[in-house]
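Data file: run.tsv. Format and content: TSV, C-alpha atoms and all ligand atoms.
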chain	number	residue	atom	x	y	z
A	1	MET	CA	-11.23	5.40	-13.40
A	2	SER	CA	-12.50	7.20	-16.50
A	3	ARG	CA	-16.00	8.61	-16.51
A	4	PRO	CA	-18.51	6.76	-18.70
A	5	LEU	CA	-18.55	8.19	-22.20
A	6	ARG	CA	-22.07	9.61	-21.88
A	7	ILE	CA	-20.92	11.94	-19.06
A	8	LEU	CA	-17.97	13.22	-21.07
A	9	LEU	CA	-20.20	13.91	-24.04
A	10	SER	CA	-22.55	16.00	-21.95
A	11	CYS	CA	-19.67	18.21	-20.69
A	12	PRO	CA	-21.57	21.46	-20.18
A	13	PRO	CA	-20.62	25.13	-19.98
A	14	THR	CA	-17.87	26.64	-21.97
A	15	ARG	CA	-16.02	27.96	-18.89
A	16	ARG	CA	-15.51	24.47	-17.50
A	17	CYS	CA	-14.50	23.12	-20.87
A	18	SER	CA	-12.12	25.97	-21.61
A	19	SER	CA	-10.28	25.54	-18.29
A	20	PHE	CA	-10.01	21.85	-19.15
A	21	VAL	CA	-8.61	22.76	-22.55
A	22	SER	CA	-6.05	25.14	-21.05
A	23	ARG	CA	-4.90	22.48	-18.56
A	24	MET	CA	-4.50	19.87	-21.28
A	25	ARG	CA	-2.56	22.35	-23.42
A	26	LEU	CA	-0.31	23.23	-20.49
A	27	VAL	CA	0.55	19.55	-19.93
A	28	ASN	CA	1.21	19.13	-23.64
A	29	ARG	CA	3.54	22.16	-23.63
A	30	LEU	CA	5.44	20.89	-20.57
A	31	LYS	CA	5.99	17.57	-22.38
A	32	ALA	CA	7.41	19.35	-25.43
A	33	ASP	CA	9.42	22.16	-23.78
A	34	ASP	CA	12.20	21.05	-21.40
A	35	ASP	CA	12.89	24.59	-20.10
A	36	ALA	CA	9.21	25.29	-19.36
A	37	CYS	CA	8.96	21.92	-17.59
A	38	ALA	CA	12.06	22.56	-15.46
A	39	ALA	CA	10.66	26.00	-14.53
A	40	ALA	CA	7.27	24.48	-13.59
A	41	LEU	CA	8.96	22.14	-11.10
A	42	HIS	CA	9.49	24.82	-8.44
A	43	GLY	CA	5.83	25.77	-8.01
A	44	GLY	CA	4.62	22.29	-8.99
A	45	ARG	CA	3.32	19.64	-6.60
A	46	ILE	CA	5.67	16.71	-6.07
A	47	PHE	CA	4.39	13.24	-5.18
A	48	LEU	CA	7.33	11.64	-3.41
A	49	PHE	CA	8.15	7.91	-3.63
A	50	HIS	CA	10.84	5.78	-2.02
A	51	SER	CA	11.67	2.62	-4.01
A	52	LEU	CA	8.25	2.96	-5.71
A	53	SER	CA	6.28	3.34	-2.42
A	54	PRO	CA	4.36	6.64	-2.23
A	55	LEU	CA	4.61	9.03	0.73
A	56	LEU	CA	1.31	9.31	2.65
A	57	GLN	CA	0.27	11.54	5.52
A	58	ARG	CA	-2.34	10.73	8.13
A	59	THR	CA	-5.06	13.38	8.51
A	60	ASP	CA	-6.63	14.52	11.82
A	61	ARG	CA	-9.61	12.29	10.96
A	62	GLY	CA	-7.36	9.23	10.74
A	63	THR	CA	-7.67	8.98	6.96
A	64	PHE	CA	-4.74	9.15	4.52
A	65	ARG	CA	-3.74	11.62	1.85
A	66	THR	CA	-0.71	12.28	-0.31
A	67	SER	CA	1.75	14.89	0.97
A	68	ALA	CA	1.38	18.38	-0.49
A	69	LEU	CA	5.04	19.23	-1.16
A	70	THR	CA	5.92	21.86	-3.72
A	71	GLY	CA	9.19	21.72	-5.63
A	72	SER	CA	10.53	24.60	-3.52
A	73	ASP	CA	9.59	22.79	-0.25
A	74	LEU	CA	11.37	19.72	-1.51
A	75	GLN	CA	14.49	21.63	-2.44
A	76	SER	CA	14.79	22.92	1.15
A	77	ILE	CA	14.30	19.37	2.46
A	78	LEU	CA	16.93	17.99	0.07
A	79	LYS	CA	19.34	20.66	1.26
A	80	LYS	CA	18.71	19.75	4.94
A	81	LEU	CA	19.34	16.09	4.09
A	82	GLY	CA	22.62	17.00	2.43
A	83	SER	CA	21.41	15.86	-0.97
A	84	ASP	CA	22.17	17.33	-4.34
A	85	GLU	CA	19.32	19.78	-5.02
A	86	SER	CA	19.42	18.87	-8.71
A	87	LEU	CA	17.70	15.61	-7.68
A	88	LEU	CA	14.47	17.59	-8.16
A	89	LYS	CA	15.09	17.54	-11.93
A	90	GLU	CA	14.63	13.76	-11.90
A	91	SER	CA	10.91	14.36	-11.29
A	92	VAL	CA	8.52	13.03	-13.93
A	93	LEU	CA	5.45	14.99	-15.03
A	94	ILE	CA	2.13	13.36	-14.07
A	95	GLY	CA	-0.35	16.04	-15.14
A	96	CYS	CA	-1.95	19.25	-13.95
A	97	SER	CA	-4.46	19.96	-11.17
A	98	GLU	CA	-7.76	21.79	-11.65
A	99	GLN	CA	-5.95	24.81	-10.17
A	100	ASN	CA	-3.40	24.67	-13.02
A	101	GLN	CA	-0.62	23.38	-10.77
A	102	ALA	CA	1.75	21.00	-12.55
A	103	GLN	CA	2.04	17.60	-10.80
A	104	PHE	CA	5.21	15.51	-10.70
A	105	CYS	CA	6.45	12.30	-9.10
A	106	LEU	CA	9.97	11.67	-7.81
A	107	ASP	CA	11.56	8.51	-6.42
A	108	VAL	CA	14.27	9.23	-3.85
A	109	GLY	CA	14.94	5.56	-3.11
A	110	LYS	CA	17.27	2.84	-4.28
A	111	ASN	CA	15.59	2.19	-7.61
A	112	THR	CA	15.78	5.77	-8.80
A	113	VAL	CA	17.56	5.94	-12.12
A	114	ASN	CA	19.04	8.97	-13.75
A	115	PRO	CA	21.40	8.37	-16.64
A	116	GLY	CA	23.38	11.42	-15.52
A	117	TYR	CA	23.95	10.04	-12.02
A	118	SER	CA	25.83	6.97	-10.88
A	119	ARG	CA	23.18	5.00	-9.01
A	120	PHE	CA	23.45	1.25	-8.86
A	121	TRP	CA	20.78	-1.43	-8.47
A	122	SER	CA	22.97	-3.81	-6.54
A	123	CYS	CA	24.61	-1.50	-3.97
A	124	SER	CA	24.24	-2.46	-0.33
A	125	GLY	CA	23.36	0.22	2.23
A	126	LEU	CA	22.56	3.64	0.72
A	127	CYS	CA	23.32	3.97	-2.99
A	128	SER	CA	24.84	7.12	-4.39
A	129	GLY	CA	22.06	9.74	-4.52
A	130	GLU	CA	19.58	7.58	-2.58
A	131	LEU	CA	17.99	9.25	0.44
A	132	ASP	CA	17.47	7.50	3.75
A	133	GLN	CA	13.78	6.54	3.97
A	134	ALA	CA	13.33	7.34	7.68
A	135	ALA	CA	15.06	10.71	7.33
A	136	VAL	CA	12.77	11.76	4.45
A	137	GLU	CA	9.71	10.53	6.39
A	138	GLU	CA	10.73	12.61	9.39
A	139	GLN	CA	11.37	15.75	7.35
A	140	CYS	CA	8.11	15.40	5.39
A	141	GLY	CA	5.92	14.21	8.29
A	142	GLY	CA	4.69	11.14	6.43
A	143	THR	CA	5.28	7.45	5.76
A	144	PHE	CA	6.20	5.61	2.57
A	145	VAL	CA	3.51	2.95	2.08
A	146	ASP	CA	3.54	0.03	-0.39
A	147	LEU	CA	1.31	0.95	-3.35
A	148	ARG	CA	-0.92	-2.12	-2.85
A	149	LYS	CA	-1.92	-0.65	0.52
A	150	ALA	CA	-1.69	3.03	-0.38
A	151	PHE	CA	-3.99	2.69	-3.40
A	152	PHE	CA	-6.87	1.60	-1.17
A	153	LEU	CA	-6.12	4.00	1.69
A	154	LEU	CA	-6.41	7.05	-0.58
A	155	THR	CA	-9.57	8.66	-1.95
A	156	SER	CA	-10.68	7.78	-5.47
A	157	ALA	CA	-9.40	11.22	-6.56
A	158	GLU	CA	-5.85	10.70	-5.27
A	159	ALA	CA	-5.33	6.96	-5.84
A	160	PRO	CA	-5.14	7.20	-9.68
A	161	LEU	CA	-2.56	10.01	-9.46
A	162	VAL	CA	-0.31	7.93	-7.24
A	163	ALA	CA	-0.84	4.87	-9.43
A	164	LYS	CA	0.08	6.86	-12.53
A	165	GLY	CA	3.14	8.32	-10.80
A	166	GLN	CA	4.39	4.90	-9.75
A	167	ALA	CA	3.75	3.46	-13.22
A	168	LEU	CA	5.78	6.24	-14.85
A	169	LEU	CA	8.64	5.89	-12.36
A	170	ARG	CA	8.69	2.10	-12.85
A	171	TRP	CA	8.74	2.52	-16.62
A	172	HIS	CA	11.77	4.84	-16.41
A	173	GLN	CA	13.55	2.49	-14.03
A	174	THR	CA	13.08	-0.50	-16.35
A	175	ASN	CA	13.76	1.16	-19.71
A	176	ARG	CA	17.27	2.48	-19.23
A	177	PHE	CA	18.60	0.71	-22.32
A	178	CYS	CA	17.47	0.64	-25.94
A	179	SER	CA	16.22	-2.84	-26.87
A	180	ALA	CA	17.41	-2.34	-30.48
A	181	THR	CA	20.99	-1.08	-29.91
A	182	GLY	CA	21.70	-1.88	-26.23
A	183	GLN	CA	22.78	1.77	-25.75
A	184	PRO	CA	21.63	3.77	-22.70
A	185	THR	CA	18.41	5.78	-23.12
A	186	HIS	CA	17.87	9.36	-21.93
A	187	ARG	CA	14.65	11.08	-20.97
A	188	ASN	CA	13.18	14.46	-21.80
A	189	GLN	CA	12.58	16.78	-18.82
A	190	ALA	CA	8.91	15.80	-18.48
A	191	GLY	CA	9.76	12.09	-18.62
A	192	SER	CA	7.14	11.53	-21.32
A	193	GLN	CA	9.72	9.95	-23.68
A	194	ARG	CA	13.10	8.20	-23.64
A	195	PHE	CA	15.58	8.40	-26.52
A	196	CYS	CA	18.25	5.93	-27.51
A	197	SER	CA	21.60	7.70	-27.19
A	198	SER	CA	22.46	6.57	-30.73
A	199	GLY	CA	19.47	8.66	-31.86
A	200	SER	CA	17.80	5.66	-33.50
A	201	ALA	CA	14.67	5.20	-31.38
A	202	ILE	CA	12.16	7.00	-29.17
A	203	TYR	CA	10.25	5.10	-26.46
A	204	TYR	CA	6.98	6.08	-24.77
A	205	PRO	CA	5.51	4.76	-21.48
A	206	LYS	CA	3.45	1.63	-22.13
A	207	MET	CA	0.34	-0.05	-20.74
A	208	SER	CA	-0.96	-3.54	-21.53
A	209	PRO	CA	-4.61	-3.59	-22.65
A	210	VAL	CA	-6.80	-5.88	-20.52
A	211	VAL	CA	-10.47	-6.62	-21.09
A	212	ILE	CA	-12.64	-7.06	-18.00
A	213	VAL	CA	-16.23	-8.24	-18.39
A	214	LEU	CA	-19.22	-8.80	-16.17
A	215	VAL	CA	-21.28	-11.57	-17.76
A	216	SER	CA	-24.99	-11.75	-16.92
A	217	ASP	CA	-27.50	-14.52	-17.64
A	218	GLY	CA	-30.38	-12.11	-17.04
A	219	THR	CA	-30.84	-12.72	-13.30
A	220	ARG	CA	-27.34	-13.69	-12.12
A	221	CYS	CA	-23.84	-12.34	-12.75
A	222	LEU	CA	-20.68	-14.35	-13.21
A	223	LEU	CA	-17.65	-13.82	-10.98
A	224	GLY	CA	-14.42	-15.77	-10.67
A	225	ARG	CA	-11.44	-15.95	-8.34
A	226	GLN	CA	-7.76	-16.74	-8.81
A	227	ALA	CA	-5.95	-18.66	-6.09
A	228	SER	CA	-3.86	-15.51	-5.44
A	229	PHE	CA	-6.91	-13.33	-4.60
A	230	PRO	CA	-7.55	-12.33	-0.95
A	231	ARG	CA	-9.84	-14.66	1.03
A	232	GLY	CA	-13.44	-14.64	-0.19
A	233	MET	CA	-12.79	-12.24	-3.09
A	234	TYR	CA	-14.49	-12.80	-6.45
A	235	SER	CA	-14.20	-10.41	-9.40
A	236	ALA	CA	-15.34	-9.95	-12.99
A	237	LEU	CA	-13.43	-12.06	-15.55
A	238	ALA	CA	-10.36	-10.36	-16.97
A	239	GLY	CA	-7.59	-11.11	-19.42
A	240	PHE	CA	-4.79	-9.51	-21.42
A	241	CYS	CA	-5.54	-8.70	-25.07
A	242	ASP	CA	-3.40	-10.59	-27.57
A	243	MET	CA	-1.55	-8.79	-30.34
A	244	GLY	CA	-3.89	-7.98	-33.24
A	245	GLU	CA	-7.13	-8.74	-31.36
A	246	THR	CA	-10.09	-6.39	-31.12
A	247	LEU	CA	-11.54	-5.70	-27.69
A	248	GLU	CA	-14.56	-7.86	-28.59
A	249	GLU	CA	-12.38	-10.76	-29.79
A	250	ALA	CA	-10.28	-10.65	-26.61
A	251	LEU	CA	-13.42	-10.58	-24.46
A	252	CYS	CA	-15.02	-13.57	-26.21
A	253	ARG	CA	-11.73	-15.54	-26.10
A	254	GLU	CA	-11.10	-14.87	-22.40
A	255	VAL	CA	-14.62	-15.92	-21.36
A	256	ALA	CA	-14.41	-19.04	-23.55
A	257	GLU	CA	-10.96	-19.96	-22.16
A	258	GLU	CA	-11.73	-19.32	-18.50
A	259	VAL	CA	-15.31	-20.59	-18.10
A	260	GLY	CA	-16.25	-22.25	-21.43
A	261	LEU	CA	-19.11	-19.88	-22.38
A	262	GLU	CA	-19.93	-18.03	-25.60
A	263	VAL	CA	-21.11	-14.49	-24.82
A	264	GLN	CA	-23.20	-12.02	-26.81
A	265	ASN	CA	-24.55	-8.45	-26.47
A	266	ILE	CA	-21.20	-6.90	-25.60
A	267	SER	CA	-21.35	-3.29	-24.41
A	268	TYR	CA	-18.55	-0.98	-23.27
A	269	SER	CA	-18.83	0.65	-19.82
A	270	SER	CA	-15.66	2.50	-18.79
A	271	SER	CA	-11.91	2.16	-18.48
A	272	GLN	CA	-9.18	2.43	-15.85
A	273	HIS	CA	-5.43	2.44	-15.53
A	274	TRP	CA	-4.57	-0.42	-13.15
A	275	PRO	CA	-1.08	-0.43	-11.65
A	276	PHE	CA	-0.99	-4.05	-10.38
A	277	PRO	CA	1.26	-5.90	-10.98
A	278	HIS	CA	2.40	-3.50	-13.77
A	279	SER	CA	0.55	-1.00	-15.90
A	280	SER	CA	-2.64	-2.38	-17.42
A	281	PHE	CA	-5.27	-0.45	-19.33
A	282	MET	CA	-8.51	-2.04	-18.12
A	283	LEU	CA	-11.41	-1.85	-20.60
A	284	GLY	CA	-14.62	-2.61	-18.70
A	285	CYS	CA	-17.54	-4.25	-20.53
A	286	HIS	CA	-20.83	-6.05	-19.96
A	287	ALA	CA	-21.93	-9.14	-21.90
A	288	SER	CA	-24.64	-11.76	-21.63
A	289	VAL	CA	-25.42	-15.42	-22.17
A	290	SER	CA	-28.87	-16.98	-22.36
A	291	PRO	CA	-29.89	-18.92	-19.20
A	292	ALA	CA	-30.06	-22.06	-21.37
A	293	HIS	CA	-26.34	-21.71	-22.16
A	294	SER	CA	-24.99	-20.74	-18.72
A	295	GLN	CA	-23.42	-24.07	-17.67
A	296	LEU	CA	-19.85	-23.31	-16.53
A	297	ASN	CA	-16.80	-25.32	-17.53
A	298	VAL	CA	-14.05	-23.66	-15.47
A	299	ASP	CA	-10.39	-23.90	-16.52
A	300	HIS	CA	-8.81	-24.50	-13.11
A	301	SER	CA	-5.35	-23.68	-14.40
A	302	GLU	CA	-6.59	-20.06	-14.75
A	303	LEU	CA	-9.28	-19.73	-12.07
A	304	GLU	CA	-9.63	-21.39	-8.68
A	305	ASP	CA	-13.41	-21.00	-8.95
A	306	ALA	CA	-16.14	-19.23	-10.94
A	307	ARG	CA	-19.81	-19.01	-9.99
A	308	TRP	CA	-23.11	-17.34	-10.80
A	309	PHE	CA	-24.29	-14.95	-8.07
A	310	SER	CA	-27.86	-13.72	-7.50
A	311	LEU	CA	-28.86	-10.08	-7.02
A	312	ASP	CA	-29.43	-10.76	-3.29
A	313	GLU	CA	-25.95	-12.25	-2.84
A	314	ILE	CA	-24.32	-9.30	-4.64
A	315	THR	CA	-26.41	-6.75	-2.73
A	316	CYS	CA	-25.27	-8.32	0.59
A	317	ALA	CA	-21.65	-8.42	-0.55
A	318	LEU	CA	-21.70	-4.72	-1.47
A	319	GLN	CA	-22.51	-3.98	2.21
A	320	VAL	CA	-19.38	-5.80	3.47
A	321	LYS	CA	-16.96	-3.06	4.52
A	322	SER	CA	-13.77	-4.99	5.31
A	323	PRO	CA	-12.23	-8.17	3.91
A	324	PRO	CA	-12.93	-11.41	5.80
A	325	ARG	CA	-10.13	-12.42	8.18
A	326	ARG	CA	-8.72	-15.86	8.92
A	327	GLY	CA	-11.26	-17.77	11.05
A	328	ASP	CA	-14.24	-15.59	9.94
A	329	PRO	CA	-17.15	-17.47	8.31
A	330	PRO	CA	-16.81	-17.54	4.49
A	331	VAL	CA	-18.23	-14.35	3.00
A	332	LEU	CA	-18.29	-12.96	-0.54
A	333	TRP	CA	-15.87	-10.03	-0.80
A	334	LEU	CA	-16.04	-7.82	-3.92
A	335	PRO	CA	-13.29	-5.64	-5.45
A	336	PRO	CA	-13.11	-2.21	-3.75
A	337	PRO	CA	-14.75	0.94	-5.17
A	338	HIS	CA	-11.51	2.08	-6.87
A	339	ALA	CA	-11.58	-0.99	-9.14
A	340	VAL	CA	-13.45	-0.95	-12.44
A	341	ALA	CA	-14.83	-4.42	-11.51
A	342	ASN	CA	-16.74	-2.74	-8.67
A	343	ARG	CA	-18.26	-0.24	-11.10
A	344	LEU	CA	-19.35	-3.04	-13.46
A	345	ILE	CA	-21.00	-4.89	-10.56
A	346	ARG	CA	-22.83	-1.75	-9.37
A	347	GLU	CA	-24.02	-1.02	-12.91
A	348	TRP	CA	-25.38	-4.58	-13.15
A	349	VAL	CA	-27.19	-4.18	-9.80
A	350	ASP	CA	-28.76	-0.89	-10.99
A	351	ARG	CA	-29.93	-2.51	-14.23
A	352	GLN	CA	-31.36	-5.49	-12.32
A	353	ARG	CA	-33.27	-3.17	-9.98
A	354	ARG	CA	-34.69	-1.31	-12.96
A	355	GLY	CA	-35.65	-4.67	-14.47
A	356	GLU	CA	-33.58	-3.92	-17.59
A	357	ASP	CA	-31.43	-7.04	-17.66
A	358	ARG	CA	-34.06	-9.75	-17.25
A	359	PRO	CA	-34.64	-12.14	-20.15
B	401	LIG	N1	-9.21	-3.21	-11.76
B	401	LIG	C1	-9.96	-4.28	-11.64
B	401	LIG	O1	-11.14	-4.18	-11.30
B	401	LIG	C2	-9.38	-5.64	-11.94
B	401	LIG	C3	-10.16	-6.79	-11.71
B	401	LIG	C4	-9.64	-8.04	-12.09
B	401	LIG	C5	-8.36	-8.12	-12.66
B	401	LIG	N2	-7.63	-6.98	-12.83
B	401	LIG	C6	-6.29	-7.03	-13.44
B	401	LIG	O2	-6.41	-7.58	-14.74
B	401	LIG	C7	-5.17	-8.13	-15.12
B	401	LIG	C8	-5.38	-9.32	-16.03
B	401	LIG	O3	-6.18	-10.32	-15.44
B	401	LIG	P1	-5.74	-11.87	-15.43
B	401	LIG	O4	-4.58	-12.05	-14.53
B	401	LIG	O5	-6.98	-12.65	-15.16
B	401	LIG	O6	-5.25	-12.04	-16.95
B	401	LIG	P2	-5.21	-13.38	-17.86
B	401	LIG	O7	-6.48	-14.14	-17.68
B	401	LIG	O8	-4.83	-12.94	-19.24
B	401	LIG	O9	-4.08	-14.29	-17.20
B	401	LIG	C9	-2.81	-13.79	-16.89
B	401	LIG	C10	-1.76	-14.51	-17.71
B	401	LIG	O10	-1.78	-14.01	-19.02
B	401	LIG	C11	-0.46	-14.04	-19.60
B	401	LIG	N3	-0.22	-12.73	-20.24
B	401	LIG	C12	-0.50	-12.46	-21.55
B	401	LIG	N4	-0.19	-11.19	-21.86
B	401	LIG	C13	0.30	-10.61	-20.73
B	401	LIG	C14	0.79	-9.31	-20.42
B	401	LIG	N5	0.84	-8.33	-21.33
B	401	LIG	N6	1.19	-9.07	-19.15
B	401	LIG	C15	1.15	-10.04	-18.19
B	401	LIG	N7	0.68	-11.29	-18.44
B	401	LIG	C16	0.27	-11.60	-19.70
B	401	LIG	C17	0.49	-14.42	-18.47
B	401	LIG	O11	0.81	-15.77	-18.63
B	401	LIG	C18	-0.35	-14.26	-17.21
B	401	LIG	O12	-0.02	-15.18	-16.20
B	401	LIG	C19	-4.44	-8.46	-13.81
B	401	LIG	O13	-3.23	-7.73	-13.82
B	401	LIG	C20	-5.35	-7.98	-12.71
B	401	LIG	O14	-4.64	-7.27	-11.70
B	401	LIG	C21	-8.11	-5.75	-12.49
B	402	MG	MG	-8.07	-13.97	-16.30
Could you rewrite the structure in this file as structure tokens?
Ligand SMILES: NC(=O)c1ccc[n+]([C@@H]2O[C@H](COP(=O)([O-])OP(=O)(O)OC[C@H]3O[C@@H](n4cnc5c(N)ncnc54)[C@H](O)[C@@H]3O)[C@@H](O)[C@H]2O)c1
Ligand SMILES: [Mg+2]
Amino acid sequence: MSRPLRILLSCPPTRRCSSFVSRMRLVNRLKADDDACAAALHGGRIFLFHSLSPLLQRTDRGTFRTSALTGSDLQSILKKLGSDESLLKESVLIGCSEQNQAQFCLDVGKNTVNPGYSRFWSCSGLCSGELDQAAVEEQCGGTFVDLRKAFFLLTSAEAPLVAKGQALLRWHQTNRFCSATGQPTHRNQAGSQRFCSSGSAIYYPKMSPVVIVLVSDGTRCLLGRQASFPRGMYSALAGFCDMGETLEEALCREVAEEVGLEVQNISYSSSQHWPFPHSSFMLGCHASVSPAHSQLNVDHSELEDARWFSLDEITCALQVKSPPRRGDPPVLWLPPPHAVANRLIREWVDRQRRGEDRP
């Protein structure tokens, strides 16, 4: 999740900023220079995936982390597994750590696509170039975990890296052909672009902009739930931006469509890349309605339910540490700390406690 703008603007000392600048310039160079990127792979950190599920390791404390494989470690493992060592070059650049180590992701499962290799979507058993999941897990001392689980098992520092890695891998796997010419596309070494083989088009990884808003009436906040949400879970209202809309227009339209309210006092909070179900760029905002105009008219084709919640109800819900299970009494369950909705809710609680939001 991005930091709020005010923190970025107060970025202090030059040393910290200059190391940030050098990291950003390194990533930019690796995107532009195929040879430099290929060279960086060996000492780089590789986040391994199998059919888009990231590899996690359990720590001594019972928590989870991503595995810390370098490109050289991985090459030895690939050799032991009898795989072509050039598989490493299929890695896609994610970014660069604070220690200036380049970070990559690599999918060694069925969905991996490399235009230079003959891998097929529909093969049964192991496809050409695909590695056996259990064998990789054994060699690496970890387990491939579905991203929907992994994202919430990891710390808030590691979860976005894994989400970004999966999003990039998915984009490569689903953009193998040019939509203008139908010709195969090829990637640069970093995986930051794909080119139509006819030379007519360049494609870049894409995200869909989504506005997410916590509406307040001064003493209560508005949350809704879709029928597909886990039991008891309510979240801030969200919706995809339409082509040509501003953020503010999308926000007002979504709230009007979903709950029949007209909002005002829109303010931006923070943003987040959200990998589910595909890549969304979540733009988190606050907005308000006057208590006199807070009557809900829920569109049940979009939301199963939407309700106003008091500060006490939200404060209690923030204490709930695990989702309610079947048979438990009904309890309000809020999006987890990794989600921008959680940040919006906590910001609202802070403002309520400071008395800033009251009419
Ligand atoms: N990170 C968070 O805190 C958080 C919280 C809530 C929702 N979300 C995410 O926000 C996203 C949008 O929320 P929503 O489902 O309420 O949106 P929504 O209200 O716009 O409804 C979804 C529908 O919009 C249509 N749609 C229009 N453009 C689309 C596009 N580019 N991609 C997919 N569907 C499109 C589809 O018909 C889809 O069924 C979801 O993917 C959800 O996972 C994130
Ligand atoms: Mg919605």
- Could you tell me how far CA of Ser322 in chain A lies from CA of Ile345 in chain A, in Å and to one decimal?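 Going from CA of Ser322 in chain A over to CA of Ile345 in chain A, I get 17.4 Å.
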- Message: 7 Å from ligand LIG 401 (chain B) is the threshold here; counting only C-alpha atoms and all ligand atoms, which polymer residues fall inside it? Answer as a list in words.
- Response: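 Going residue by residue within 7 Å of ligand LIG 401 (chain B), we get Ser208, Val210, Ile212, Ser235, Ala236, Leu237, Ala238, Gly239, Phe240, Cys241, Asp242, Glu254, Gln272, Trp274, Phe276, Pro277, Ser280, Met282, Glu302, Pro335, Ala339, Val340, Ala341 and Asn342 of chain A.
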- Protein and nucleic residues near ligand MG 402 (chain B), 12 Å, all atoms listed in the file, as a PyMOL selection string: chain A and resi 210-213+223-229+234-241+250-251+253-259+298-306
Please produce a file of the residues just selected, as a PDB file, keeping the file's coordinate frame, where the atoms kept are C-alpha atoms.
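The result, stored in part.pdb:
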ATOM      1  CA  VAL A 210      -6.800  -5.880 -20.520  1.00  0.00           C
ATOM      2  CA  VAL A 211     -10.470  -6.620 -21.090  1.00  0.00           C
ATOM      3  CA  ILE A 212     -12.640  -7.060 -18.000  1.00  0.00           C
ATOM      4  CA  VAL A 213     -16.230  -8.240 -18.390  1.00  0.00           C
ATOM      5  CA  LEU A 223     -17.650 -13.820 -10.980  1.00  0.00           C
ATOM      6  CA  GLY A 224     -14.420 -15.770 -10.670  1.00  0.00           C
ATOM      7  CA  ARG A 225     -11.440 -15.950  -8.340  1.00  0.00           C
ATOM      8  CA  GLN A 226      -7.760 -16.740  -8.810  1.00  0.00           C
ATOM      9  CA  ALA A 227      -5.950 -18.660  -6.090  1.00  0.00           C
ATOM     10  CA  SER A 228      -3.860 -15.510  -5.440  1.00  0.00           C
ATOM     11  CA  PHE A 229      -6.910 -13.330  -4.600  1.00  0.00           C
ATOM     12  CA  TYR A 234     -14.490 -12.800  -6.450  1.00  0.00           C
ATOM     13  CA  SER A 235     -14.200 -10.410  -9.400  1.00  0.00           C
ATOM     14  CA  ALA A 236     -15.340  -9.950 -12.990  1.00  0.00           C
ATOM     15  CA  LEU A 237     -13.430 -12.060 -15.550  1.00  0.00           C
ATOM     16  CA  ALA A 238     -10.360 -10.360 -16.970  1.00  0.00           C
ATOM     17  CA  GLY A 239      -7.590 -11.110 -19.420  1.00  0.00           C
ATOM     18  CA  PHE A 240      -4.790  -9.510 -21.420  1.00  0.00           C
ATOM     19  CA  CYS A 241      -5.540  -8.700 -25.070  1.00  0.00           C
ATOM     20  CA  ALA A 250     -10.280 -10.650 -26.610  1.00  0.00           C
ATOM     21  CA  LEU A 251     -13.420 -10.580 -24.460  1.00  0.00           C
ATOM     22  CA  ARG A 253     -11.730 -15.540 -26.100  1.00  0.00           C
ATOM     23  CA  GLU A 254     -11.100 -14.870 -22.400  1.00  0.00           C
ATOM     24  CA  VAL A 255     -14.620 -15.920 -21.360  1.00  0.00           C
ATOM     25  CA  ALA A 256     -14.410 -19.040 -23.550  1.00  0.00           C
ATOM     26  CA  GLU A 257     -10.960 -19.960 -22.160  1.00  0.00           C
ATOM     27  CA  GLU A 258     -11.730 -19.320 -18.500  1.00  0.00           C
ATOM     28  CA  VAL A 259     -15.310 -20.590 -18.100  1.00  0.00           C
ATOM     29  CA  VAL A 298     -14.050 -23.660 -15.470  1.00  0.00           C
ATOM     30  CA  ASP A 299     -10.390 -23.900 -16.520  1.00  0.00           C
ATOM     31  CA  HIS A 300      -8.810 -24.500 -13.110  1.00  0.00           C
ATOM     32  CA  SER A 301      -5.350 -23.680 -14.400  1.00  0.00           C
ATOM     33  CA  GLU A 302      -6.590 -20.060 -14.750  1.00  0.00           C
ATOM     34  CA  LEU A 303      -9.280 -19.730 -12.070  1.00  0.00           C
ATOM     35  CA  GLU A 304      -9.630 -21.390  -8.680  1.00  0.00           C
ATOM     36  CA  ASP A 305     -13.410 -21.000  -8.950  1.00  0.00           C
ATOM     37  CA  ALA A 306     -16.140 -19.230 -10.940  1.00  0.00           C
TER      38      ALA A 306
END
Contact check, range 281-346 of chain A to range 138-159 of chain A, at most 8 Å, counting all atoms listed in the file, closest pairs as JSON lines:
{"residue": "A:Pro336", "atom": "CA", "partner": "A:Phe152", "partner_atom": "CA", "distance": 7.8}
{"residue": "A:Pro337", "atom": "CA", "partner": "A:Ser156", "partner_atom": "CA", "distance": 8.0}
{"residue": "A:His338", "atom": "CA", "partner": "A:Ser156", "partner_atom": "CA", "distance": 5.9}
Could you build a table of the residues in range 168-237 of chain A lying no more than 8 Å from range 93-108 of chain A, giving for each the nearest pair of atoms and their separation in Å rounded to one decimal place, using only C-alpha atoms, ordered by chain and ascending residue number, as JSON lines?
{"residue": "A:Leu169", "atom": "CA", "partner": "A:Asp107", "partner_atom": "CA", "distance": 7.1}
{"residue": "A:Ala190", "atom": "CA", "partner": "A:Leu93", "partner_atom": "CA", "distance": 5.0}
{"residue": "A:Gly191", "atom": "CA", "partner": "A:Leu93", "partner_atom": "CA", "distance": 6.3}
{"residue": "A:Ser192", "atom": "CA", "partner": "A:Leu93", "partner_atom": "CA", "distance": 7.4}
- Figure out the distance between CA of Ser19 in chain A and CA of Ala167 in chain A, please, to one decimal in Å. 26.6 Å
- Nearest residue to Thr181 in chain A from the set A:Gly165, A:Gly260, A:Gly199, A:Pro230 (distances using all atoms listed in the file):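 Among the listed residues, the smallest separation from Thr181 in chain A belongs to A:Gly199.
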- Point out the residue among A:Val263, A:Ala292, A:Ala38, A:Cys221 with the least atom-to-atom distance to Val349 in chain A, counting all atoms listed in the file.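 With all atoms listed in the file as the atom set, the closest residue is A:Cys221.
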